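To be precise, the following lines are model02.cif, and they hold mmCIF, C-alpha atoms.
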```
data_input
loop_
_atom_site.label_atom_id
_atom_site.label_comp_id
_atom_site.auth_asym_id
_atom_site.auth_seq_id
_atom_site.Cartn_x
_atom_site.Cartn_y
_atom_site.Cartn_z
CA MET A 39 20.88 33.16 -3.06
CA ASP A 40 19.09 30.13 -4.50
CA ASP A 41 16.00 29.44 -2.41
CA GLY A 42 15.06 26.37 -4.43
CA GLU A 43 11.76 24.54 -4.65
CA HIS A 44 10.20 23.34 -1.39
CA ARG A 45 9.14 19.69 -1.23
CA GLY A 46 7.88 19.13 2.28
CA PRO A 47 10.99 19.30 4.51
CA TRP A 48 13.28 19.06 1.44
CA LEU A 49 14.56 21.89 -0.76
CA ARG A 50 15.43 21.20 -4.41
CA HIS A 51 18.01 23.49 -6.05
CA SER A 52 18.70 21.92 -9.46
CA ARG A 53 18.28 18.77 -11.54
CA THR A 54 20.76 17.07 -13.90
CA ARG A 55 19.97 14.18 -16.23
CA VAL A 56 22.82 11.72 -15.65
CA HIS A 57 21.74 8.82 -17.90
CA ALA A 58 19.07 8.38 -20.57
CA ALA A 59 17.98 5.05 -22.04
CA SER A 60 14.90 3.78 -23.87
CA HIS A 61 12.97 2.76 -20.75
CA LEU A 62 14.69 4.65 -17.92
CA THR A 63 16.18 8.07 -17.24
CA ALA A 64 18.38 8.73 -14.19
CA TYR A 65 18.52 12.15 -12.53
CA ARG A 66 20.59 13.80 -9.82
CA ASP A 67 18.90 16.59 -7.86
CA GLU A 68 20.96 18.99 -5.73
CA VAL A 69 19.00 19.36 -2.49
CA THR A 70 18.99 20.60 1.07
CA LEU A 71 18.05 17.64 3.27
CA PRO A 72 15.38 17.91 6.01
CA ASP A 73 18.18 18.22 8.63
CA GLY A 74 19.68 21.26 6.81
CA ARG A 75 22.66 19.54 5.22
CA ALA A 76 23.47 19.98 1.52
CA GLY A 77 23.40 16.82 -0.57
CA HIS A 78 21.98 15.21 -3.65
CA TYR A 79 19.12 12.85 -4.40
CA ASP A 80 19.56 10.37 -7.26
CA TRP A 81 16.42 8.89 -8.72
CA VAL A 82 15.04 7.12 -11.77
CA ASP A 83 12.15 8.00 -14.04
CA VAL A 84 10.41 4.96 -15.57
CA ALA A 85 6.96 4.52 -17.10
CA ASP A 86 4.03 3.68 -14.85
CA GLN A 87 3.09 -0.01 -14.95
CA VAL A 88 -0.22 -1.87 -15.11
CA ARG A 89 -1.16 -5.32 -13.75
CA VAL A 90 -4.49 -7.06 -14.38
CA ALA A 91 -6.39 -9.62 -12.29
CA ALA A 92 -8.27 -11.22 -15.21
CA LEU A 93 -10.84 -13.69 -13.87
CA VAL A 94 -11.96 -16.39 -16.32
CA ASP A 95 -14.16 -19.23 -14.99
CA GLY A 96 -12.85 -18.80 -11.42
CA CYS A 97 -9.23 -18.77 -12.62
CA LEU A 98 -6.71 -15.94 -12.80
CA LEU A 99 -4.69 -15.57 -16.00
CA VAL A 100 -1.01 -15.78 -15.04
CA VAL A 101 1.93 -14.99 -17.33
CA GLU A 102 5.10 -17.08 -17.15
CA GLN A 103 8.10 -15.39 -18.72
CA TYR A 104 11.87 -15.24 -18.39
CA HIS A 105 12.93 -11.83 -17.03
CA TYR A 106 16.37 -10.72 -18.08
CA LEU A 107 17.31 -9.53 -14.56
CA SER A 108 15.46 -12.11 -12.49
CA GLY A 109 15.02 -15.36 -14.38
CA PRO A 110 11.73 -17.23 -14.80
CA MET A 111 8.77 -15.45 -13.19
CA TRP A 112 5.00 -15.73 -12.76
CA GLN A 113 3.14 -12.43 -12.86
CA LEU A 114 -0.30 -11.16 -13.59
CA PRO A 115 -0.57 -9.84 -17.18
CA GLY A 116 0.63 -6.25 -17.60
CA GLY A 117 3.46 -3.99 -18.64
CA SER A 118 4.29 -0.33 -19.15
CA VAL A 119 1.90 2.53 -19.79
CA GLU A 120 2.87 4.10 -23.15
CA PRO A 121 4.61 7.48 -22.74
CA ASP A 122 2.23 9.30 -25.14
CA ASP A 123 -0.39 10.07 -22.47
CA GLU A 124 -1.95 6.60 -22.59
CA ASP A 125 -4.27 6.24 -19.58
CA SER A 126 -3.81 3.26 -17.30
CA GLY A 127 -7.15 1.64 -18.23
CA THR A 128 -6.25 1.68 -21.93
CA ALA A 129 -2.78 0.31 -21.13
CA ALA A 130 -4.25 -2.48 -18.97
CA ARG A 131 -6.71 -3.53 -21.73
CA ARG A 132 -3.94 -3.35 -24.37
CA GLU A 133 -1.44 -5.41 -22.35
CA LEU A 134 -4.03 -8.05 -21.44
CA ALA A 135 -5.08 -8.42 -25.10
CA GLU A 136 -1.47 -8.52 -26.37
CA GLU A 137 -0.34 -11.09 -23.83
CA THR A 138 -3.43 -13.31 -23.52
CA GLY A 139 -5.85 -12.41 -26.34
CA TYR A 140 -8.68 -11.70 -23.86
CA PHE A 141 -10.64 -8.47 -24.43
CA GLY A 142 -13.91 -6.70 -23.57
CA GLY A 143 -15.60 -7.36 -20.23
CA ASP A 144 -16.03 -5.31 -17.06
CA TRP A 145 -13.08 -3.48 -15.55
CA SER A 146 -12.58 -1.84 -12.15
CA LYS A 147 -9.54 -0.21 -10.56
CA ARG A 148 -7.80 -1.55 -7.46
CA GLY A 149 -5.48 1.36 -6.66
CA ALA A 150 -2.09 2.46 -7.99
CA PRO A 151 0.59 1.93 -5.33
CA GLN A 152 4.24 2.86 -5.72
CA PRO A 153 6.64 -0.06 -6.08
CA LEU A 154 9.82 1.72 -4.88
CA PRO A 155 8.90 5.21 -3.60
CA ALA A 156 12.46 6.18 -2.60
CA LEU A 157 13.87 5.34 -6.07
CA THR A 158 11.14 6.35 -8.52
CA PRO A 159 7.78 8.15 -8.45
CA ALA A 160 6.36 5.49 -10.83
CA ARG A 161 3.12 3.72 -9.89
CA VAL A 162 1.65 0.31 -10.71
CA HIS A 163 -2.01 0.66 -11.67
CA LEU A 164 -4.00 -2.40 -10.58
CA TRP A 165 -7.12 -3.52 -12.44
CA ARG A 166 -9.66 -6.32 -12.04
CA ALA A 167 -11.41 -7.64 -15.17
CA THR A 168 -14.30 -10.11 -15.54
CA GLY A 169 -16.65 -11.15 -18.37
CA LEU A 170 -13.75 -11.28 -20.85
CA THR A 171 -13.94 -12.70 -24.39
CA PRO A 172 -11.11 -14.95 -25.65
CA GLY A 173 -9.16 -13.80 -28.72
CA THR A 174 -5.74 -14.08 -30.33
CA ALA A 175 -2.67 -13.00 -28.39
CA ALA A 176 -0.05 -10.79 -30.10
CA PRO A 177 2.98 -10.64 -27.79
CA ASP A 178 6.02 -8.51 -28.63
CA PRO A 179 8.66 -10.43 -30.64
CA PHE A 180 11.05 -10.36 -27.65
CA GLU A 181 8.32 -11.93 -25.50
CA ALA A 182 8.21 -15.10 -27.63
CA ASP A 183 8.78 -17.26 -24.53
CA LEU A 184 5.67 -15.92 -22.80
CA ARG A 185 3.21 -18.61 -21.62
CA ILE A 186 -0.27 -18.14 -20.15
CA HIS A 187 -1.66 -20.28 -17.33
CA HIS A 188 -5.23 -20.43 -16.00
CA ILE A 189 -4.74 -20.73 -12.23
CA PRO A 190 -7.63 -21.22 -9.78
CA LEU A 191 -7.79 -18.28 -7.35
CA GLU A 192 -6.95 -20.47 -4.33
CA GLU A 193 -3.88 -21.82 -6.14
CA ALA A 194 -2.82 -18.29 -7.14
CA LEU A 195 -2.99 -17.38 -3.46
CA SER A 196 -0.72 -20.33 -2.62
CA ALA A 197 1.62 -19.21 -5.42
CA VAL A 198 1.87 -15.78 -3.76
CA ARG A 199 2.51 -17.31 -0.33
CA GLU A 200 5.15 -19.69 -1.72
CA GLY A 201 6.86 -16.97 -3.78
CA ARG A 202 6.06 -18.44 -7.22
CA ILE A 203 4.12 -15.23 -7.99
CA ASP A 204 7.16 -13.16 -7.19
CA CYS A 205 6.19 -9.63 -8.27
CA ALA A 206 5.03 -7.32 -5.46
CA ALA A 207 2.24 -5.64 -7.44
CA SER A 208 0.92 -8.98 -8.72
CA ALA A 209 1.02 -10.33 -5.16
CA ALA A 210 -0.89 -7.32 -3.80
CA LEU A 211 -3.53 -7.66 -6.51
CA VAL A 212 -3.99 -11.44 -6.06
CA LEU A 213 -4.34 -10.90 -2.29
CA ALA A 214 -6.84 -8.04 -2.77
CA VAL A 215 -9.01 -10.13 -5.12
CA ALA A 216 -8.79 -13.18 -2.83
CA LEU A 217 -9.84 -11.09 0.17
CA GLU A 218 -12.84 -9.68 -1.75
CA ASP A 219 -13.79 -13.21 -2.82
CA ASP A 220 -13.42 -14.36 0.79
CA SER A 221 -15.62 -11.54 2.11
CA ALA A 222 -18.24 -12.17 -0.61
CA ARG A 223 -18.51 -15.86 0.35
CA ARG A 224 -19.21 -15.15 4.03
CA MET B 57 33.25 -14.42 -31.72
CA ASP B 58 31.73 -13.38 -28.41
CA ASP B 59 29.30 -16.05 -27.27
CA GLY B 60 28.29 -14.12 -24.17
CA GLU B 61 26.54 -15.36 -21.05
CA HIS B 62 23.21 -17.13 -21.53
CA ARG B 63 20.30 -15.87 -19.43
CA GLY B 64 17.28 -17.87 -20.52
CA PRO B 65 16.47 -16.68 -24.05
CA TRP B 66 18.80 -13.63 -23.61
CA LEU B 67 22.54 -13.43 -24.25
CA ARG B 68 24.68 -10.93 -22.31
CA HIS B 69 27.90 -9.74 -23.95
CA SER B 70 29.20 -6.96 -21.67
CA ARG B 71 28.26 -4.63 -18.83
CA THR B 72 29.10 -0.94 -18.34
CA ARG B 73 28.43 1.09 -15.18
CA VAL B 74 26.84 4.30 -16.47
CA HIS B 75 26.06 6.08 -13.16
CA ALA B 76 27.05 5.51 -9.54
CA ALA B 77 25.44 7.20 -6.55
CA SER B 78 25.20 6.46 -2.83
CA HIS B 79 21.99 4.40 -3.05
CA LEU B 80 21.76 3.41 -6.72
CA THR B 81 24.05 2.27 -9.53
CA ALA B 82 22.88 2.23 -13.16
CA TYR B 83 24.24 -0.30 -15.67
CA ARG B 84 23.97 -0.84 -19.42
CA ASP B 85 24.35 -4.44 -20.63
CA GLU B 86 25.01 -5.19 -24.29
CA VAL B 87 22.72 -8.12 -25.13
CA THR B 88 21.22 -10.26 -27.84
CA LEU B 89 17.43 -10.15 -27.37
CA PRO B 90 15.29 -13.33 -27.38
CA ASP B 91 14.28 -12.56 -30.99
CA GLY B 92 17.95 -12.48 -32.11
CA ARG B 93 18.35 -8.72 -32.44
CA ALA B 94 21.32 -6.90 -30.88
CA GLY B 95 20.41 -4.33 -28.24
CA HIS B 96 21.11 -3.15 -24.73
CA TYR B 97 19.38 -3.56 -21.38
CA ASP B 98 19.60 -0.68 -18.91
CA TRP B 99 18.94 -1.49 -15.29
CA VAL B 100 19.47 -0.23 -11.75
CA ASP B 101 21.09 -1.86 -8.76
CA VAL B 102 19.61 -0.77 -5.41
CA ALA B 103 19.68 -2.37 -1.96
CA ASP B 104 17.02 -4.91 -1.05
CA GLN B 105 14.28 -3.44 1.14
CA VAL B 106 12.42 -4.70 4.23
CA ARG B 107 8.86 -3.96 5.42
CA VAL B 108 7.41 -5.09 8.75
CA ALA B 109 3.82 -5.85 9.76
CA ALA B 110 4.29 -5.11 13.48
CA LEU B 111 1.13 -6.09 15.39
CA VAL B 112 0.65 -4.35 18.74
CA ASP B 113 -2.70 -4.84 20.54
CA GLY B 114 -4.55 -5.60 17.27
CA CYS B 115 -3.03 -2.55 15.58
CA LEU B 116 -0.42 -2.28 12.86
CA LEU B 117 2.37 0.26 13.33
CA VAL B 118 2.26 2.62 10.35
CA VAL B 119 4.92 5.20 9.47
CA GLU B 120 3.90 8.58 8.07
CA GLN B 121 6.74 10.39 6.32
CA TYR B 122 7.33 12.88 3.53
CA HIS B 123 9.05 11.16 0.60
CA TYR B 124 11.21 13.44 -1.52
CA LEU B 125 9.85 12.00 -4.80
CA SER B 126 6.26 11.30 -3.80
CA GLY B 127 5.14 13.59 -1.00
CA PRO B 128 3.47 12.47 2.23
CA MET B 129 3.10 8.69 2.49
CA TRP B 130 1.90 5.98 4.86
CA GLN B 131 3.99 2.80 4.86
CA LEU B 132 4.74 -0.08 7.11
CA PRO B 133 8.04 0.42 8.96
CA GLY B 134 11.11 -0.57 6.96
CA GLY B 135 13.98 0.59 4.80
CA SER B 136 17.09 -0.70 3.08
CA VAL B 137 19.11 -3.77 3.92
CA GLU B 138 22.68 -2.62 4.70
CA PRO B 139 25.15 -3.46 1.92
CA ASP B 140 27.63 -5.23 4.25
CA ASP B 141 25.87 -8.62 4.03
CA GLU B 142 23.20 -7.73 6.57
CA ASP B 143 20.47 -10.39 6.41
CA SER B 144 16.88 -9.30 5.91
CA GLY B 145 15.73 -10.38 9.37
CA THR B 146 18.41 -8.28 11.04
CA ALA B 147 17.54 -5.33 8.78
CA ALA B 148 13.83 -5.67 9.57
CA ARG B 149 14.46 -5.70 13.34
CA ARG B 150 16.90 -2.76 13.04
CA GLU B 151 14.54 -0.62 10.94
CA LEU B 152 11.55 -1.35 13.20
CA ALA B 153 13.55 -0.41 16.31
CA GLU B 154 15.01 2.76 14.72
CA GLU B 155 11.67 4.00 13.43
CA THR B 156 9.29 2.91 16.22
CA GLY B 157 11.38 1.80 19.22
CA TYR B 158 9.69 -1.63 19.30
CA PHE B 159 12.01 -4.64 19.67
CA GLY B 160 12.08 -8.34 20.60
CA GLY B 161 9.04 -10.53 19.93
CA ASP B 162 8.29 -13.27 17.42
CA TRP B 163 9.14 -12.82 13.77
CA SER B 164 8.13 -14.75 10.67
CA LYS B 165 8.80 -14.14 6.99
CA ARG B 166 6.06 -13.40 4.44
CA GLY B 167 8.08 -13.72 1.21
CA ALA B 168 10.38 -11.38 -0.69
CA PRO B 169 8.71 -10.23 -3.92
CA GLN B 170 10.35 -7.99 -6.51
CA PRO B 171 8.94 -4.46 -6.71
CA LEU B 172 10.00 -3.70 -10.32
CA PRO B 173 11.46 -6.85 -11.89
CA ALA B 174 12.14 -5.26 -15.31
CA LEU B 175 14.15 -2.37 -13.77
CA THR B 176 16.00 -3.90 -10.82
CA PRO B 177 16.63 -7.36 -9.34
CA ALA B 178 16.06 -5.91 -5.83
CA ARG B 179 13.55 -7.59 -3.51
CA VAL B 180 11.38 -6.37 -0.64
CA HIS B 181 11.59 -8.80 2.27
CA LEU B 182 8.29 -8.93 4.17
CA TRP B 183 8.15 -9.76 7.88
CA ARG B 184 5.40 -10.16 10.47
CA ALA B 185 6.23 -9.40 14.11
CA THR B 186 4.18 -9.93 17.28
CA GLY B 187 4.88 -9.86 21.04
CA LEU B 188 7.00 -6.72 20.68
CA THR B 189 8.33 -4.61 23.57
CA PRO B 190 8.10 -0.79 23.38
CA GLY B 191 11.35 1.18 23.47
CA THR B 192 12.88 4.45 22.30
CA ALA B 193 12.94 5.24 18.59
CA ALA B 194 16.16 6.55 17.00
CA PRO B 195 15.28 7.72 13.47
CA ASP B 196 17.94 9.02 11.07
CA PRO B 197 18.41 12.79 11.31
CA PHE B 198 16.89 13.26 7.83
CA GLU B 199 13.81 11.36 8.98
CA ALA B 200 12.96 13.95 11.62
CA ASP B 201 9.40 14.32 10.23
CA LEU B 202 8.64 10.61 10.71
CA ARG B 203 5.46 9.90 12.72
CA ILE B 204 4.17 6.56 13.98
CA HIS B 205 0.47 5.64 14.04
CA HIS B 206 -1.20 2.63 15.66
CA ILE B 207 -3.85 1.62 13.12
CA PRO B 208 -6.41 -1.16 13.75
CA LEU B 209 -5.96 -3.91 11.15
CA GLU B 210 -9.40 -3.29 9.61
CA GLU B 211 -8.58 0.41 9.22
CA ALA B 212 -5.18 -0.44 7.69
CA LEU B 213 -7.02 -2.58 5.16
CA SER B 214 -9.28 0.38 4.31
CA ALA B 215 -6.16 2.56 4.01
CA VAL B 216 -4.76 0.10 1.44
CA ARG B 217 -8.04 0.06 -0.52
CA GLU B 218 -8.33 3.86 -0.46
CA GLY B 219 -4.68 4.39 -1.42
CA ARG B 220 -3.57 6.02 1.84
CA ILE B 221 -1.11 3.12 2.32
CA ASP B 222 0.41 3.81 -1.06
CA CYS B 223 3.48 1.54 -1.18
CA ALA B 224 3.01 -1.74 -3.07
CA ALA B 225 5.03 -3.89 -0.65
CA SER B 226 3.25 -2.42 2.39
CA ALA B 227 -0.10 -3.02 0.66
CA ALA B 228 0.78 -6.66 -0.12
CA LEU B 229 1.88 -7.25 3.47
CA VAL B 230 -1.23 -5.62 5.04
CA LEU B 231 -3.44 -7.70 2.72
CA ALA B 232 -1.54 -10.92 3.54
CA VAL B 233 -1.87 -10.32 7.30
CA ALA B 234 -5.56 -9.36 6.97
CA LEU B 235 -6.27 -12.52 4.96
CA GLU B 236 -4.52 -14.69 7.59
CA ASP B 237 -6.51 -12.94 10.32
CA ASP B 238 -9.71 -13.47 8.29
CA SER B 239 -9.01 -17.18 7.81
CA ALA B 240 -8.14 -17.60 11.49
CA ARG B 241 -11.48 -16.08 12.55
CA ARG B 242 -13.61 -18.45 10.44
#
```
Is it possible to express this structure as C-alpha cells?
Amino acid sequence: MDDGEHRGPWLRHSRTRVHAASHLTAYRDEVTLPDGRAGHYDWVDVADQVRVAALVDGCLLVVEQYHYLSGPMWQLPGGSVEPDDEDSGTAARRELAEETGYFGGDWSKRGAPQPLPALTPARVHLWRATGLTPGTAAPDPFEADLRIHHIPLEEALSAVREGRIDCAASAALVLAVALEDDSARR
Amino acid sequence: MDDGEHRGPWLRHSRTRVHAASHLTAYRDEVTLPDGRAGHYDWVDVADQVRVAALVDGCLLVVEQYHYLSGPMWQLPGGSVEPDDEDSGTAARRELAEETGYFGGDWSKRGAPQPLPALTPARVHLWRATGLTPGTAAPDPFEADLRIHHIPLEEALSAVREGRIDCAASAALVLAVALEDDSARR
C-alpha cells in the first residue's frame, strides 16, 4: 500500500519529470484527488521572477521589448531569479541595473504573488525603488531590442487600464504604487 | 534554406509538441535568436483564465481553497476559459455562479494581462460585477474544500498588501477596483 504524501485534501504518490529545458521543467505527479479519484497533476517548474517599480523624478521606468510568444510588450524592469540561490532583492537590483543602468537607492518589497498558481508554484517578487543613480545598461545580447521609457505615474496607470502595460505582475505593482501615491496625497 | 517565420527580431523554424496533458501542452520551437544564434524556445500552452471582482454590499467575494502546488490560498472567483471557443465573459459568469452561486448583474471588463509572458501566451481576463443575485453554488467535485468569504473592500486591499490574496491577477484586480473606489470618493 502506497499512502503517499498528504497535501491538504490531495495525496501525492509519485513524480515523473516529463520534459526538461533550460528555463522550464515539466512534471507529472500521480495523485489521489480530493474527491477520492485517482489521477495525475501536470505542472511546470520555472524560476521565480522579479519586477521593479523604479521611480525616477515622478516617472516609472518601463521596458519595451518584443516577447517571442506575445509580441511587443511594455513591462516594469525585471526577469528571472538566478537558480543558484540568488535572493529576490539581489535579482531585482541586478535586473534593473542590466536593463536600465540605474543602481543604488532605497528598496522595499511589495509582496510576491503567484502568477499562475494552478500551473506553477513560481512567484513574482515585487519591489519598489527610489533614490536611484543613473548608470550604463548592459542588457543580454538577445535583448538588443530592449528600450527604456520614463513614464509619469499617472500615464503608467492609464497604460495599465488600456492594456499597454500587459503583464499581470507589472500591472499589480503599478496599481499598488499608484494607490500608495494617491493615499499619500490625501 | 529554411527562412522560417519572422516574429519581431526572432525567427521560428519548427515546432515540436514535447508533452501533452489535460490542462497543459509543452512545445519546443527551433528558433534563431535576436542576436543571430540558433537555439530553441520551450513554452507552455494553457487555457486563458478569468478572475471576477464580484461586489456584494461593499464586499468582495473571495474564494479560499487548497491549491495542490501552493497550499491554502485566497483568490477572487475564477478559473479556466473552456477550450471550445467559450468567450471570457461567459467563462467569468459560469465560474462565479459555480463557485459562489451569484448570477446576473452588471459586468464590465478590466483588461486581460498576461501572467507569465515568457512561459505562456495565456491571458487572465479580469471582470468586475455588481448587482448580482444570490443562488446555489455548484463547485466541481474536486473543489469540495472551496469556501466563500465576503470581505470588505478595504480588508481585501489589506489582504493583498499582506500577501493573503496571493494570486497576481486577483491582486491586480482588487487594486484596480480599490483605486476606482478611491477616485470615486474624492
Residues matched by the PyMOL selection byres ((chain B and resi 97-107) around 6), written as a ChimeraX atom specification: /B:80-85,96,108,132-137,148,175-176,178-182
Fitted chain B, least squares over ordered Cα pairs with chain A, as a compact mmCIF listing (two decimals) with C-alpha atoms, in the frame of the given file:
```
# COMPACT_ATOMS: atom_id res chain seq x y z
CA MET B 57 20.89 33.15 -2.95
CA ASP B 58 19.12 30.12 -4.39
CA ASP B 59 15.99 29.44 -2.39
CA GLY B 60 15.09 26.36 -4.41
CA GLU B 61 11.78 24.55 -4.66
CA HIS B 62 10.21 23.37 -1.40
CA ARG B 63 9.15 19.72 -1.26
CA GLY B 64 7.89 19.14 2.26
CA PRO B 65 10.96 19.32 4.51
CA TRP B 66 13.28 19.07 1.44
CA LEU B 67 14.56 21.89 -0.77
CA ARG B 68 15.45 21.21 -4.42
CA HIS B 69 18.01 23.50 -6.05
CA SER B 70 18.71 21.93 -9.46
CA ARG B 71 18.29 18.78 -11.53
CA THR B 72 20.77 17.08 -13.89
CA ARG B 73 19.97 14.16 -16.22
CA VAL B 74 22.84 11.72 -15.65
CA HIS B 75 21.74 8.81 -17.90
CA ALA B 76 19.08 8.37 -20.57
CA ALA B 77 17.98 5.05 -22.02
CA SER B 78 14.90 3.79 -23.87
CA HIS B 79 12.97 2.75 -20.74
CA LEU B 80 14.69 4.64 -17.91
CA THR B 81 16.19 8.07 -17.25
CA ALA B 82 18.38 8.72 -14.20
CA TYR B 83 18.51 12.16 -12.53
CA ARG B 84 20.60 13.79 -9.81
CA ASP B 85 18.91 16.60 -7.86
CA GLU B 86 20.95 18.99 -5.74
CA VAL B 87 18.99 19.36 -2.49
CA THR B 88 19.00 20.60 1.06
CA LEU B 89 18.05 17.64 3.28
CA PRO B 90 15.37 17.92 6.01
CA ASP B 91 18.16 18.22 8.61
CA GLY B 92 19.66 21.26 6.81
CA ARG B 93 22.65 19.54 5.22
CA ALA B 94 23.46 19.99 1.52
CA GLY B 95 23.36 16.81 -0.54
CA HIS B 96 21.98 15.21 -3.67
CA TYR B 97 19.11 12.85 -4.41
CA ASP B 98 19.55 10.37 -7.25
CA TRP B 99 16.41 8.89 -8.72
CA VAL B 100 15.03 7.11 -11.78
CA ASP B 101 12.16 7.99 -14.06
CA VAL B 102 10.41 4.95 -15.58
CA ALA B 103 6.96 4.51 -17.12
CA ASP B 104 4.03 3.68 -14.86
CA GLN B 105 3.09 -0.01 -14.97
CA VAL B 106 -0.24 -1.87 -15.12
CA ARG B 107 -1.17 -5.32 -13.76
CA VAL B 108 -4.49 -7.07 -14.39
CA ALA B 109 -6.39 -9.62 -12.29
CA ALA B 110 -8.28 -11.21 -15.21
CA LEU B 111 -10.85 -13.69 -13.87
CA VAL B 112 -11.95 -16.38 -16.33
CA ASP B 113 -14.14 -19.23 -14.99
CA GLY B 114 -12.84 -18.79 -11.41
CA CYS B 115 -9.23 -18.76 -12.62
CA LEU B 116 -6.72 -15.94 -12.80
CA LEU B 117 -4.69 -15.58 -16.00
CA VAL B 118 -1.02 -15.79 -15.03
CA VAL B 119 1.92 -15.00 -17.32
CA GLU B 120 5.09 -17.08 -17.14
CA GLN B 121 8.10 -15.37 -18.70
CA TYR B 122 11.87 -15.23 -18.38
CA HIS B 123 12.93 -11.83 -17.02
CA TYR B 124 16.39 -10.72 -18.09
CA LEU B 125 17.31 -9.55 -14.56
CA SER B 126 15.46 -12.12 -12.48
CA GLY B 127 15.01 -15.36 -14.38
CA PRO B 128 11.72 -17.23 -14.81
CA MET B 129 8.77 -15.45 -13.19
CA TRP B 130 5.01 -15.73 -12.75
CA GLN B 131 3.13 -12.43 -12.87
CA LEU B 132 -0.31 -11.16 -13.61
CA PRO B 133 -0.57 -9.84 -17.17
CA GLY B 134 0.64 -6.27 -17.60
CA GLY B 135 3.46 -4.00 -18.66
CA SER B 136 4.28 -0.34 -19.17
CA VAL B 137 1.90 2.51 -19.81
CA GLU B 138 2.87 4.09 -23.16
CA PRO B 139 4.60 7.47 -22.76
CA ASP B 140 2.23 9.30 -25.16
CA ASP B 141 -0.38 10.06 -22.46
CA GLU B 142 -1.95 6.61 -22.60
CA ASP B 143 -4.26 6.24 -19.59
CA SER B 144 -3.82 3.25 -17.30
CA GLY B 145 -7.14 1.64 -18.23
CA THR B 146 -6.25 1.68 -21.92
CA ALA B 147 -2.78 0.30 -21.13
CA ALA B 148 -4.25 -2.48 -18.98
CA ARG B 149 -6.69 -3.54 -21.73
CA ARG B 150 -3.93 -3.35 -24.38
CA GLU B 151 -1.43 -5.40 -22.35
CA LEU B 152 -4.03 -8.04 -21.44
CA ALA B 153 -5.07 -8.41 -25.10
CA GLU B 154 -1.46 -8.52 -26.38
CA GLU B 155 -0.33 -11.09 -23.83
CA THR B 156 -3.43 -13.31 -23.52
CA GLY B 157 -5.85 -12.40 -26.33
CA TYR B 158 -8.68 -11.69 -23.86
CA PHE B 159 -10.65 -8.47 -24.43
CA GLY B 160 -13.91 -6.69 -23.56
CA GLY B 161 -15.60 -7.35 -20.21
CA ASP B 162 -16.02 -5.31 -17.04
CA TRP B 163 -13.08 -3.47 -15.54
CA SER B 164 -12.57 -1.84 -12.16
CA LYS B 165 -9.53 -0.21 -10.57
CA ARG B 166 -7.80 -1.56 -7.45
CA GLY B 167 -5.48 1.38 -6.68
CA ALA B 168 -2.09 2.46 -8.00
CA PRO B 169 0.59 1.93 -5.34
CA GLN B 170 4.24 2.88 -5.75
CA PRO B 171 6.64 -0.06 -6.10
CA LEU B 172 9.81 1.73 -4.89
CA PRO B 173 8.88 5.20 -3.62
CA ALA B 174 12.45 6.17 -2.61
CA LEU B 175 13.86 5.34 -6.08
CA THR B 176 11.13 6.34 -8.54
CA PRO B 177 7.77 8.16 -8.48
CA ALA B 178 6.35 5.50 -10.85
CA ARG B 179 3.11 3.72 -9.92
CA VAL B 180 1.65 0.31 -10.73
CA HIS B 181 -2.01 0.66 -11.69
CA LEU B 182 -4.00 -2.40 -10.59
CA TRP B 183 -7.11 -3.53 -12.46
CA ARG B 184 -9.66 -6.32 -12.05
CA ALA B 185 -11.41 -7.64 -15.17
CA THR B 186 -14.30 -10.09 -15.54
CA GLY B 187 -16.65 -11.16 -18.37
CA LEU B 188 -13.76 -11.28 -20.84
CA THR B 189 -13.94 -12.70 -24.38
CA PRO B 190 -11.12 -14.96 -25.65
CA GLY B 191 -9.16 -13.79 -28.69
CA THR B 192 -5.74 -14.08 -30.32
CA ALA B 193 -2.67 -12.98 -28.38
CA ALA B 194 -0.06 -10.78 -30.10
CA PRO B 195 2.98 -10.64 -27.79
CA ASP B 196 6.03 -8.50 -28.62
CA PRO B 197 8.66 -10.41 -30.61
CA PHE B 198 11.05 -10.35 -27.63
CA GLU B 199 8.33 -11.94 -25.50
CA ALA B 200 8.25 -15.09 -27.61
CA ASP B 201 8.78 -17.29 -24.50
CA LEU B 202 5.66 -15.92 -22.78
CA ARG B 203 3.20 -18.60 -21.60
CA ILE B 204 -0.28 -18.14 -20.16
CA HIS B 205 -1.67 -20.29 -17.34
CA HIS B 206 -5.23 -20.43 -16.00
CA ILE B 207 -4.74 -20.72 -12.23
CA PRO B 208 -7.64 -21.22 -9.78
CA LEU B 209 -7.78 -18.28 -7.36
CA GLU B 210 -6.94 -20.47 -4.34
CA GLU B 211 -3.88 -21.83 -6.15
CA ALA B 212 -2.82 -18.29 -7.14
CA LEU B 213 -3.00 -17.36 -3.47
CA SER B 214 -0.73 -20.32 -2.62
CA ALA B 215 1.62 -19.21 -5.42
CA VAL B 216 1.85 -15.76 -3.77
CA ARG B 217 2.52 -17.29 -0.34
CA GLU B 218 5.15 -19.68 -1.72
CA GLY B 219 6.86 -16.98 -3.79
CA ARG B 220 6.04 -18.44 -7.22
CA ILE B 221 4.11 -15.23 -8.00
CA ASP B 222 7.16 -13.16 -7.21
CA CYS B 223 6.19 -9.62 -8.28
CA ALA B 224 5.02 -7.33 -5.47
CA ALA B 225 2.24 -5.64 -7.45
CA SER B 226 0.91 -8.98 -8.73
CA ALA B 227 1.01 -10.34 -5.16
CA ALA B 228 -0.90 -7.32 -3.80
CA LEU B 229 -3.53 -7.65 -6.53
CA VAL B 230 -4.00 -11.44 -6.06
CA LEU B 231 -4.35 -10.90 -2.30
CA ALA B 232 -6.85 -8.04 -2.78
CA VAL B 233 -9.01 -10.15 -5.13
CA ALA B 234 -8.79 -13.20 -2.83
CA LEU B 235 -9.84 -11.09 0.17
CA GLU B 236 -12.83 -9.67 -1.76
CA ASP B 237 -13.79 -13.20 -2.82
CA ASP B 238 -13.40 -14.36 0.81
CA SER B 239 -15.61 -11.56 2.13
CA ALA B 240 -18.22 -12.19 -0.56
CA ARG B 241 -18.47 -15.87 0.42
CA ARG B 242 -19.15 -15.19 4.12
```
Within 7 Å of Thr138 of chain A, counting all atoms listed in the file, which residues show up once you throw out same-chain ones fewer than 2 positions away? Write them as a PyMOL selection string, please. chain A and resi 134-136+140+175+186
How would the residues just chosen look if you wrote them out with C-alpha atoms as a compact mmCIF listing (two decimals), in the frame of the given file?
```txt
# COMPACT_ATOMS: atom_id res chain seq x y z
CA LEU A 134 -4.03 -8.05 -21.44
CA ALA A 135 -5.08 -8.42 -25.10
CA GLU A 136 -1.47 -8.52 -26.37
CA TYR A 140 -8.68 -11.70 -23.86
CA ALA A 175 -2.67 -13.00 -28.39
CA ILE A 186 -0.27 -18.14 -20.15
```
